[in-house]
file structure35.cif (mmCIF, N, CA and C atoms)
data_upload
loop_
_atom_site.label_atom_id
_atom_site.label_comp_id
_atom_site.auth_asym_id
_atom_site.auth_seq_id
_atom_site.Cartn_x
_atom_site.Cartn_y
_atom_site.Cartn_z
N MET U 492 189.24 131.85 109.14
CA MET U 492 189.34 131.18 107.86
C MET U 492 188.97 129.71 108.02
N GLY U 493 188.38 129.16 107.00
CA GLY U 493 188.00 127.76 107.03
C GLY U 493 188.27 127.10 105.70
N ALA U 494 187.91 125.86 105.60
CA ALA U 494 188.18 125.08 104.40
C ALA U 494 187.43 125.63 103.18
N ASP U 495 186.34 126.35 103.40
CA ASP U 495 185.59 126.91 102.27
C ASP U 495 186.44 127.90 101.47
N ASP U 496 187.44 128.46 102.11
CA ASP U 496 188.28 129.47 101.49
C ASP U 496 189.58 128.90 100.92
N VAL U 497 189.76 127.59 101.02
CA VAL U 497 191.02 126.96 100.65
C VAL U 497 190.87 126.17 99.35
N ASP U 498 191.89 126.21 98.52
CA ASP U 498 191.95 125.35 97.34
C ASP U 498 192.41 123.98 97.83
N VAL U 499 191.45 123.15 98.18
CA VAL U 499 191.74 121.86 98.82
C VAL U 499 192.57 120.96 97.90
N ALA U 500 192.25 120.92 96.62
CA ALA U 500 193.00 120.08 95.70
C ALA U 500 194.47 120.50 95.66
N PHE U 501 194.72 121.81 95.64
CA PHE U 501 196.09 122.32 95.64
C PHE U 501 196.80 121.95 96.93
N LEU U 502 196.12 122.11 98.06
CA LEU U 502 196.69 121.76 99.36
C LEU U 502 197.04 120.28 99.41
N LEU U 503 196.15 119.42 98.96
CA LEU U 503 196.41 117.98 98.97
C LEU U 503 197.57 117.63 98.03
N ASP U 504 197.63 118.27 96.88
CA ASP U 504 198.76 118.05 95.96
C ASP U 504 200.07 118.47 96.62
N ASN U 505 200.04 119.60 97.31
CA ASN U 505 201.22 120.10 98.01
C ASN U 505 201.66 119.13 99.11
N LEU U 506 200.72 118.62 99.87
CA LEU U 506 201.04 117.65 100.92
C LEU U 506 201.63 116.38 100.32
N CYS U 507 201.16 116.00 99.15
CA CYS U 507 201.67 114.81 98.48
C CYS U 507 203.13 115.03 98.06
N VAL U 508 203.39 116.14 97.40
CA VAL U 508 204.73 116.42 96.89
C VAL U 508 205.72 116.65 98.03
N GLU U 509 205.32 117.45 99.01
CA GLU U 509 206.28 117.86 100.03
C GLU U 509 206.42 116.89 101.20
N LEU U 510 205.34 116.17 101.54
CA LEU U 510 205.39 115.29 102.71
C LEU U 510 205.03 113.84 102.42
N GLY U 511 204.68 113.55 101.18
CA GLY U 511 204.37 112.17 100.83
C GLY U 511 202.98 111.70 101.21
N PHE U 512 202.09 112.64 101.56
CA PHE U 512 200.70 112.28 101.87
C PHE U 512 199.89 112.35 100.59
N CYS U 513 199.70 111.20 99.96
CA CYS U 513 199.02 111.11 98.67
C CYS U 513 197.85 110.14 98.79
N PRO U 514 196.71 110.62 99.27
CA PRO U 514 195.58 109.72 99.46
C PRO U 514 195.06 109.18 98.13
N PRO U 515 194.43 108.02 98.18
CA PRO U 515 193.82 107.47 96.96
C PRO U 515 192.83 108.48 96.36
N LEU U 516 192.61 108.36 95.08
CA LEU U 516 191.76 109.31 94.36
C LEU U 516 190.38 109.47 94.98
N ASP U 517 189.77 108.37 95.41
CA ASP U 517 188.42 108.48 96.00
C ASP U 517 188.45 109.27 97.31
N GLU U 518 189.52 109.12 98.10
CA GLU U 518 189.64 109.88 99.35
C GLU U 518 189.92 111.35 99.05
N LYS U 519 190.75 111.60 98.06
CA LYS U 519 191.04 112.98 97.67
C LYS U 519 189.76 113.67 97.18
N SER U 520 188.98 112.96 96.37
CA SER U 520 187.72 113.52 95.88
C SER U 520 186.76 113.81 97.02
N ARG U 521 186.71 112.91 97.99
CA ARG U 521 185.83 113.10 99.16
C ARG U 521 186.26 114.34 99.95
N LEU U 522 187.57 114.48 100.17
CA LEU U 522 188.06 115.64 100.92
C LEU U 522 187.80 116.94 100.16
N CYS U 523 187.93 116.91 98.85
CA CYS U 523 187.67 118.10 98.04
C CYS U 523 186.19 118.47 98.05
N ALA U 524 185.33 117.47 98.00
CA ALA U 524 183.89 117.72 97.95
C ALA U 524 183.33 118.19 99.29
N SER U 525 183.91 117.67 100.37
CA SER U 525 183.40 118.01 101.69
C SER U 525 184.56 118.10 102.69
N PRO U 526 185.34 119.18 102.57
CA PRO U 526 186.52 119.29 103.44
C PRO U 526 186.14 119.60 104.89
N PRO U 527 186.88 119.03 105.83
CA PRO U 527 186.69 119.41 107.23
C PRO U 527 186.90 120.91 107.37
N LYS U 528 186.18 121.52 108.29
CA LYS U 528 186.11 122.98 108.37
C LYS U 528 187.21 123.66 109.17
N ASP U 529 187.97 122.90 109.96
CA ASP U 529 189.02 123.55 110.75
C ASP U 529 190.35 122.82 110.57
N VAL U 530 191.41 123.47 111.00
CA VAL U 530 192.78 122.98 110.77
C VAL U 530 192.99 121.59 111.35
N ASP U 531 192.60 121.40 112.61
CA ASP U 531 192.85 120.10 113.25
C ASP U 531 192.04 118.98 112.62
N SER U 532 190.79 119.24 112.30
CA SER U 532 189.95 118.21 111.67
C SER U 532 190.48 117.87 110.28
N PHE U 533 190.91 118.89 109.55
CA PHE U 533 191.46 118.65 108.21
C PHE U 533 192.74 117.83 108.31
N THR U 534 193.61 118.20 109.24
CA THR U 534 194.86 117.47 109.44
C THR U 534 194.58 116.01 109.76
N ASP U 535 193.67 115.77 110.68
CA ASP U 535 193.30 114.39 111.04
C ASP U 535 192.76 113.64 109.83
N ALA U 536 191.94 114.31 109.02
CA ALA U 536 191.33 113.66 107.86
C ALA U 536 192.39 113.26 106.83
N VAL U 537 193.44 114.05 106.71
CA VAL U 537 194.53 113.70 105.79
C VAL U 537 195.19 112.40 106.24
N PHE U 538 195.45 112.28 107.53
CA PHE U 538 196.05 111.06 108.06
C PHE U 538 195.13 109.86 107.85
N VAL U 539 193.87 110.03 108.17
CA VAL U 539 192.90 108.93 108.03
C VAL U 539 192.79 108.51 106.57
N ALA U 540 192.80 109.47 105.65
CA ALA U 540 192.74 109.16 104.22
C ALA U 540 193.94 108.32 103.78
N GLU U 541 195.05 108.48 104.48
CA GLU U 541 196.26 107.70 104.20
C GLU U 541 196.27 106.37 104.95
N GLY U 542 195.24 106.14 105.76
CA GLY U 542 195.19 104.91 106.55
C GLY U 542 196.09 104.95 107.77
N MET U 543 196.36 106.15 108.24
CA MET U 543 197.26 106.34 109.38
C MET U 543 196.50 106.91 110.58
N ASP U 544 197.05 106.65 111.76
CA ASP U 544 196.53 107.23 113.00
C ASP U 544 197.12 108.63 113.14
N PRO U 545 196.28 109.66 113.22
CA PRO U 545 196.79 111.02 113.30
C PRO U 545 197.62 111.30 114.56
N ASN U 546 197.49 110.46 115.57
CA ASN U 546 198.20 110.69 116.83
C ASN U 546 199.43 109.82 117.00
N GLU U 547 199.74 109.02 116.00
CA GLU U 547 200.86 108.08 116.12
C GLU U 547 202.22 108.76 116.04
N ASP U 548 202.37 109.70 115.12
CA ASP U 548 203.65 110.38 114.92
C ASP U 548 203.43 111.88 115.09
N THR U 549 203.69 112.38 116.29
CA THR U 549 203.38 113.78 116.59
C THR U 549 204.24 114.74 115.76
N ARG U 550 205.47 114.37 115.45
CA ARG U 550 206.33 115.23 114.64
C ARG U 550 205.75 115.40 113.24
N LEU U 551 205.34 114.29 112.64
CA LEU U 551 204.77 114.33 111.30
C LEU U 551 203.43 115.07 111.30
N ARG U 552 202.62 114.85 112.34
CA ARG U 552 201.34 115.56 112.42
C ARG U 552 201.57 117.06 112.50
N LYS U 553 202.60 117.46 113.24
CA LYS U 553 202.91 118.88 113.36
C LYS U 553 203.28 119.47 112.00
N LEU U 554 204.06 118.74 111.20
CA LEU U 554 204.44 119.22 109.86
C LEU U 554 203.22 119.38 108.96
N VAL U 555 202.35 118.37 108.97
CA VAL U 555 201.13 118.43 108.14
C VAL U 555 200.25 119.58 108.62
N ARG U 556 200.08 119.69 109.93
CA ARG U 556 199.22 120.73 110.50
C ARG U 556 199.73 122.12 110.11
N GLN U 557 201.04 122.32 110.13
CA GLN U 557 201.60 123.63 109.75
C GLN U 557 201.24 123.99 108.31
N LYS U 558 201.32 123.03 107.41
CA LYS U 558 200.97 123.29 106.01
C LYS U 558 199.48 123.57 105.86
N VAL U 559 198.67 122.82 106.57
CA VAL U 559 197.22 123.04 106.52
C VAL U 559 196.89 124.43 107.10
N MET U 560 197.52 124.77 108.21
CA MET U 560 197.24 126.07 108.83
C MET U 560 197.63 127.21 107.89
N ARG U 561 198.78 127.10 107.23
CA ARG U 561 199.19 128.13 106.27
C ARG U 561 198.17 128.28 105.15
N ALA U 562 197.70 127.14 104.64
CA ALA U 562 196.71 127.18 103.55
C ALA U 562 195.41 127.84 104.03
N PHE U 563 194.99 127.53 105.24
CA PHE U 563 193.76 128.10 105.76
C PHE U 563 193.92 129.61 106.00
N GLN U 564 195.12 130.06 106.35
CA GLN U 564 195.35 131.48 106.65
C GLN U 564 195.56 132.31 105.39
N GLN U 565 195.96 131.69 104.29
CA GLN U 565 196.28 132.44 103.07
C GLN U 565 195.06 133.01 102.38
N ARG U 566 193.90 132.51 102.65
CA ARG U 566 192.71 132.98 101.93
C ARG U 566 191.95 134.00 102.69
#
call {"tool": "encode", "arguments": {"input": "structure35.cif", "output": "C-alpha cells"}}
result
Amino acid sequence: MGADDVDVAFLLDNLCVELGFCPPLDEKSRLCASPPKDVDSFTDAVFVAEGMDPNEDTRLRKLVRQKVMRAFQQR
C-alpha cells in the first residue's frame, strides 16, 4: 500500500485532531497534491510541514508513524 491509496486530507485532519499536527494550509495542500509514497517518508514530511525535526522526539514520531501506517494499510 502507498499514499496513492490513502485519503491524505483525512489522514492530515486526523493527525491534527489527535496529535496536534496541523500544518499550514499551503503545506497541507502540497502534501495532498503530491504525498510521499511510503510510511517513513510521509511521517517525516508531516514533521517538516510543522517545522519540526522528525528525529528530535522519537516517542512522538512513533505515534505519528503508527497513525500513518494504519492509514496506509486500510486501503
call {"tool": "resolve_selection", "arguments": {"input": "structure35.cif", "expression": "the PyMOL selection byres ((chain U and resi 532-543) around 6)", "output": "number ranges by chain"}}
result
U: 514-515, 518, 527-531, 544-545, 555-556
call {"tool": "atom_distance", "arguments": {"input": "structure35.cif", "atom1": "atom N of Thr549 of chain U", "atom2": "atom CA of Leu506 of chain U"}}
result
16.5 Å
call {"tool": "atom_distance", "arguments": {"input": "structure35.cif", "atom1": "atom CA of Ser525 of chain U", "atom2": "atom N of Arg561 of chain U"}}
result
18.7 Å
call {"tool": "axis_aligned_box", "arguments": {"input": "structure35.cif", "around": "segment 541-551 of chain U", "padding_each_side": "6 Å", "output": "JSON"}}
result
{"center_x": 200.7, "center_y": 110.2, "center_z": 110.6, "size_x": 23.3, "size_y": 22.5, "size_z": 24.8}
call {"tool": "resolve_selection", "arguments": {"input": "structure35.cif", "expression": "the PyMOL selection byres (((chain U and resi 500 and name CA) around 9) and name CA)", "output": "VMD selection string"}}
result
chain U and resid 497 to 499 501 to 505 519 to 520 522 to 523
call {"tool": "atom_distance", "arguments": {"input": "structure35.cif", "atom1": "atom CA of Val559 of chain U", "atom2": "atom CA of Asp517 of chain U"}}
result
20.0 Å
call {"tool": "decode", "arguments": {"input": "structure35.cif", "residues": "segment 495-507 of chain U", "atoms": "C-alpha atoms", "output": "PDB file, in the first residue's frame"}}
result
ATOM      1  CA  ASP U 495      -1.963   6.768  -3.717  1.00  0.00           C
ATOM      2  CA  ASP U 496      -4.464   4.613  -1.843  1.00  0.00           C
ATOM      3  CA  VAL U 497      -4.824   6.920   1.174  1.00  0.00           C
ATOM      4  CA  ASP U 498      -7.228   9.791   1.782  1.00  0.00           C
ATOM      5  CA  VAL U 499      -4.390  12.172   2.614  1.00  0.00           C
ATOM      6  CA  ALA U 500      -6.640  15.073   3.628  1.00  0.00           C
ATOM      7  CA  PHE U 501      -8.490  12.819   6.087  1.00  0.00           C
ATOM      8  CA  LEU U 502      -5.199  11.483   7.487  1.00  0.00           C
ATOM      9  CA  LEU U 503      -3.826  15.006   7.964  1.00  0.00           C
ATOM     10  CA  ASP U 504      -7.069  16.120   9.626  1.00  0.00           C
ATOM     11  CA  ASN U 505      -6.858  13.104  11.928  1.00  0.00           C
ATOM     12  CA  LEU U 506      -3.237  13.883  12.834  1.00  0.00           C
ATOM     13  CA  CYS U 507      -4.285  17.458  13.594  1.00  0.00           C
TER      14      CYS U 507
END
